[in-house]
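First up is the structure itself, then whatever we jot down about it.
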Amino acid sequence: MVSKKSTFGLAVISALLFTGTASAEGQSTLDKVKKAGVLSCGVSTGLPGFSNPNAEGQWEGIDVEFCQAMAAAVLGDKGKVKYVPLTAKERFTALQSGEIDVLSRNTTWTLQRDGTLGLNFVGVNYYDGQGFMVKKDLGVNSALELDGASVCVQSGTTTELNLSDYFRANAMSFKPVVYDTYDATVKGFESGRCDTLTTDQSGLYASRIKLADPNSAEVLPEIISKEPLGPVVRQGDDNWFNIAKWTLNTMINGEEFNITSANVDEMLKSKDPNIRRILGQDGPKGKGLGLNDDWGYQIIKQVGNYDESFQRTVGTDSPLNIQRGVNALWNNGGIMYAPPIR
């Protein structure tokens with residue numbers, strides 16, 4: 001679940017101090033990463049599908065794979081990533097202070113975060129939003145069928161406010177079953193204290209696979225709030241910002257032009273100018289970003305395009321089994337869209 005609260009004071013001061021220090025040293029983040037030979041990436045303390053250590057202790061998830069894609073672009077090796085687990089409270093300060101080079105931790109892009117923290121959101125790698133999970137035996141297929149339902153919800157969150165707004169707007173009533181923590185909220189739902197559980201959909205899918213019987217519950221299709229999740233970098237280093245942006249854009253464009261980790265070598269023979277630019281054979285190549293010309297090829301060869309990453313981590317090839325929905329490409333019924341590489 002994405003925290004909707006942040007404490008700014010000390011973090012903003014840290015950001016300003018770091019910006020001044022970086023300027024004085026004249027060292028860009030790209031130079032720092034190349035010198036260290038490793039990309040320091042802030043991730044969650046454990047959210048299945050997004051950033052979570054597996055049974056072997058290896059980090060995996062859609063946010064983790066963005067870090068790997070950046071390492072492939074910058075260092076030529078997706079494995080050269082140092083993962084730094086961070087709580088919601090710690091994440092922004094760690095980025096502002098320079099402890100990490102990029103934050104890729106299911107973080108919602110908002111005006112306040114963009115405008116007051118000295119940070120830049122790279123783009124959206126997962127369009128999320130608040131939703132509902134129900135037990136299948138309830139026989140409900142839509143949130144609009146929840147009139148009169150009891151709802152497990154965490155107190156003191158915008159989730160609670162969105163819930164009230166949604167039911168009011170649709171002339172429905174509900175009985176809130178309120179808990180202080182999210183873990184307690186999930187346990188309340190699993191024990192039958194309520195008909196439905198509400199939080200961000202990514203959190204619902206992650207919680208569902210942790211139930212004693214994951215098949216007993218399903219996530220309803222409605223999304224009742226906007227929670228665009230994406231990677232974040234510090235302000236003040238435009239080139240690093242561009243590298244992060246175009247890493248994500250390359251994965252999305254790779255899907256649009258059907259370039260996969262399996263066929264990328266064959267695609268090097270393509271005459272399509274769009275494909276040739278994505279793979280660094282024509283067009284701007286790597287000069288403008290300070291990267292090797294094959295940076296786009298390395299991203300797709302080593303990590304894959306956006307669809308490969310999505311399906312592997314949160315989609316139909318993963319335990320979460322999330323459908324693409326709004327995260328489908330713009331030309332396939334969704335809103336996922338990347339500027340052209342040219």
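Letters A, B, ... mark the chains of the structure tokens in the order given; residue numbers begin at 1 per chain; ligand numbers begin at 1, in order shown.
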Could you find all residues in segment 115-328 of chain A that DSSP calls strand (DSSP E or B) from the backbone, and write them as a PyMOL selection string? chain A and resi 119-121+126-128+130-135+149-154+174-179+196-200+217-219+227-229+232-234
Save the residues we just selected, C-alpha atoms, as a PDB file, in the first residue's frame?
ATOM      1  CA  LEU A 119      12.463  15.325  -6.513  1.00  0.00           C
ATOM      2  CA  ASN A 120      11.421  14.414 -10.063  1.00  0.00           C
ATOM      3  CA  PHE A 121       9.053  11.585 -10.932  1.00  0.00           C
ATOM      4  CA  TYR A 126       2.126   1.097 -12.869  1.00  0.00           C
ATOM      5  CA  TYR A 127      -1.220   2.900 -12.876  1.00  0.00           C
ATOM      6  CA  ASP A 128      -2.764   1.953  -9.569  1.00  0.00           C
ATOM      7  CA  GLN A 130      -7.977   2.157  -4.721  1.00  0.00           C
ATOM      8  CA  GLY A 131     -10.150  -0.908  -5.160  1.00  0.00           C
ATOM      9  CA  PHE A 132     -12.080  -3.611  -3.344  1.00  0.00           C
ATOM     10  CA  MET A 133     -11.500  -7.297  -2.595  1.00  0.00           C
ATOM     11  CA  VAL A 134     -14.366  -9.628  -1.718  1.00  0.00           C
ATOM     12  CA  LYS A 135     -14.828 -13.270  -0.846  1.00  0.00           C
ATOM     13  CA  ALA A 149     -21.835  -3.938   2.764  1.00  0.00           C
ATOM     14  CA  SER A 150     -19.429  -3.912   5.707  1.00  0.00           C
ATOM     15  CA  VAL A 151     -16.006  -2.653   4.654  1.00  0.00           C
ATOM     16  CA  CYS A 152     -12.664  -3.285   6.359  1.00  0.00           C
ATOM     17  CA  VAL A 153     -10.533  -0.139   6.070  1.00  0.00           C
ATOM     18  CA  GLN A 154      -7.449   1.323   7.741  1.00  0.00           C
ATOM     19  CA  PHE A 174     -21.803   0.936   4.005  1.00  0.00           C
ATOM     20  CA  LYS A 175     -20.725  -0.110   7.480  1.00  0.00           C
ATOM     21  CA  PRO A 176     -17.062   0.728   8.186  1.00  0.00           C
ATOM     22  CA  VAL A 177     -14.987  -1.814  10.111  1.00  0.00           C
ATOM     23  CA  VAL A 178     -11.948   0.241  11.039  1.00  0.00           C
ATOM     24  CA  TYR A 179      -8.445  -0.918  12.053  1.00  0.00           C
ATOM     25  CA  THR A 196     -14.987  -6.390   1.531  1.00  0.00           C
ATOM     26  CA  LEU A 197     -11.488  -4.979   2.039  1.00  0.00           C
ATOM     27  CA  THR A 198     -10.397  -1.715   0.426  1.00  0.00           C
ATOM     28  CA  THR A 199      -6.947  -0.291  -0.313  1.00  0.00           C
ATOM     29  CA  ASP A 200      -4.818   0.302  -3.430  1.00  0.00           C
ATOM     30  CA  ALA A 217     -11.149 -13.999  -2.781  1.00  0.00           C
ATOM     31  CA  GLU A 218     -11.141 -11.817  -5.861  1.00  0.00           C
ATOM     32  CA  VAL A 219     -10.360  -8.182  -6.623  1.00  0.00           C
ATOM     33  CA  GLU A 227      -2.491   6.324  -7.740  1.00  0.00           C
ATOM     34  CA  PRO A 228       0.115   6.618 -10.533  1.00  0.00           C
ATOM     35  CA  LEU A 229       3.190   4.777  -9.273  1.00  0.00           C
ATOM     36  CA  VAL A 232      11.839   8.977  -8.637  1.00  0.00           C
ATOM     37  CA  VAL A 233      15.184  10.802  -8.895  1.00  0.00           C
ATOM     38  CA  ARG A 234      16.594  13.970  -7.351  1.00  0.00           C
TER      39      ARG A 234
END
For the alpha helix (DSSP H) assignment from backbone DSSP, which residues of segment 34-265 of chain A qualify? Please present them as a PyMOL selection string. chain A and resi 34-36+62-75+91-96+111-116+158-169+182-190+201-208+238-256+264-265
Could you pull the residues within 12 Å of Glu266 of chain A, counting only C-alpha atoms, minus those fewer than 4 positions along the same chain, as a ChimeraX atom specification? /A:258-262,270-271,275-276,279,297,301
Take the residues from that selection and put them in a file with C-alpha atoms, as a PDB file, in the first residue's frame.
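The result, stored in out_20.pdb:
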ATOM      1  CA  ASN A 258       7.184  -6.073 -30.492  1.00  0.00           C
ATOM      2  CA  ILE A 259      10.859  -6.141 -29.519  1.00  0.00           C
ATOM      3  CA  THR A 260      11.399  -8.765 -26.835  1.00  0.00           C
ATOM      4  CA  SER A 261      14.354 -10.215 -24.964  1.00  0.00           C
ATOM      5  CA  ALA A 262      13.907 -13.332 -27.106  1.00  0.00           C
ATOM      6  CA  SER A 270      15.076  -4.836 -39.015  1.00  0.00           C
ATOM      7  CA  LYS A 271      14.688  -2.069 -41.588  1.00  0.00           C
ATOM      8  CA  ILE A 275      13.137  -0.314 -34.187  1.00  0.00           C
ATOM      9  CA  ARG A 276      16.592   0.750 -35.338  1.00  0.00           C
ATOM     10  CA  LEU A 279      18.159  -0.453 -30.458  1.00  0.00           C
ATOM     11  CA  TYR A 297      19.405  -2.944 -26.801  1.00  0.00           C
ATOM     12  CA  LYS A 301      18.073  -7.963 -24.100  1.00  0.00           C
TER      13      LYS A 301
END
Can you pull out every residue within 12 Å of Thr250 of chain A, counting only C-alpha atoms, but drop anything in the same chain fewer than 6 positions away, and send it as number ranges by chain? A: 66, 69-70, 73, 125, 242-244, 256-260, 274-275, 277-280, 294-301, 303-307, 337-342
Go ahead and write the residues just picked, C-alpha atoms, as a short mmCIF file (atom, residue, chain, number, x, y, z; two decimals), in the first residue's frame.
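So the final result, stored in out.cif, reads:
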data_model
loop_
_atom_site.label_atom_id
_atom_site.label_comp_id
_atom_site.auth_asym_id
_atom_site.auth_seq_id
_atom_site.Cartn_x
_atom_site.Cartn_y
_atom_site.Cartn_z
CA PHE A 66 13.21 -1.01 -13.55
CA ALA A 69 16.96 -1.89 -16.69
CA MET A 70 18.76 1.27 -15.55
CA ALA A 73 21.58 0.95 -19.74
CA ASN A 125 5.41 2.21 -14.45
CA ASN A 242 16.58 11.85 -18.72
CA ILE A 243 18.37 8.51 -18.40
CA ALA A 244 15.74 7.26 -15.96
CA GLU A 256 4.81 -1.32 -28.86
CA PHE A 257 7.20 -2.43 -31.61
CA ASN A 258 7.18 -6.07 -30.49
CA ILE A 259 10.86 -6.14 -29.52
CA THR A 260 11.40 -8.77 -26.84
CA ASN A 274 11.60 3.00 -35.18
CA ILE A 275 13.14 -0.31 -34.19
CA ARG A 277 16.39 3.88 -33.15
CA ILE A 278 15.22 1.93 -30.10
CA LEU A 279 18.16 -0.45 -30.46
CA GLY A 280 20.70 2.34 -31.00
CA ASP A 294 23.51 0.06 -27.45
CA TRP A 295 21.90 1.14 -24.17
CA GLY A 296 18.37 0.46 -25.48
CA TYR A 297 19.40 -2.94 -26.80
CA GLN A 298 20.90 -3.83 -23.40
CA ILE A 299 17.68 -2.89 -21.59
CA ILE A 300 15.52 -5.15 -23.72
CA LYS A 301 18.07 -7.96 -24.10
CA VAL A 303 15.42 -7.25 -18.82
CA GLY A 304 12.80 -7.22 -21.58
CA ASN A 305 10.08 -4.87 -22.76
CA TYR A 306 7.34 -3.52 -20.50
CA ASP A 307 4.92 -6.39 -21.14
CA TYR A 337 2.13 5.52 -23.59
CA ALA A 338 5.73 6.54 -24.23
CA PRO A 339 7.19 9.40 -26.29
CA PRO A 340 9.01 8.29 -29.43
CA ILE A 341 12.70 7.53 -29.54
CA ARG A 342 13.93 9.73 -32.39
#
Of A:Asn321, A:Thr108, A:Ser202, A:Ser40, the one sitting nearest Ala94 of chain A when using only C-alpha atoms is A:Ser40
Rounded to one decimal place, report the atom CA of Ser97 of chain A-atom CA of Gln68 of chain A distance in Å. 21.9 Å
Go ahead and compute the interatomic distance for atom CA of Gly61 of chain A and atom CA of Arg312 of chain A, in Å to one decimal.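 Computing it gives 8.2 Å between the two atoms.
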Give me, as a ChimeraX atom specification, all polymer residues having an atom no more than 12 Å from Gly334 of chain A, counting only C-alpha atoms and skipping those fewer than 2 positions away in the same chain. /A:126-127,323-332,336-337
With distances taken over only C-alpha atoms, which of A:Val74, A:Glu99, A:Glu56, A:Leu144 is nearest to Lys35 of chain A?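 The closest residue to Lys35 of chain A is A:Val74.
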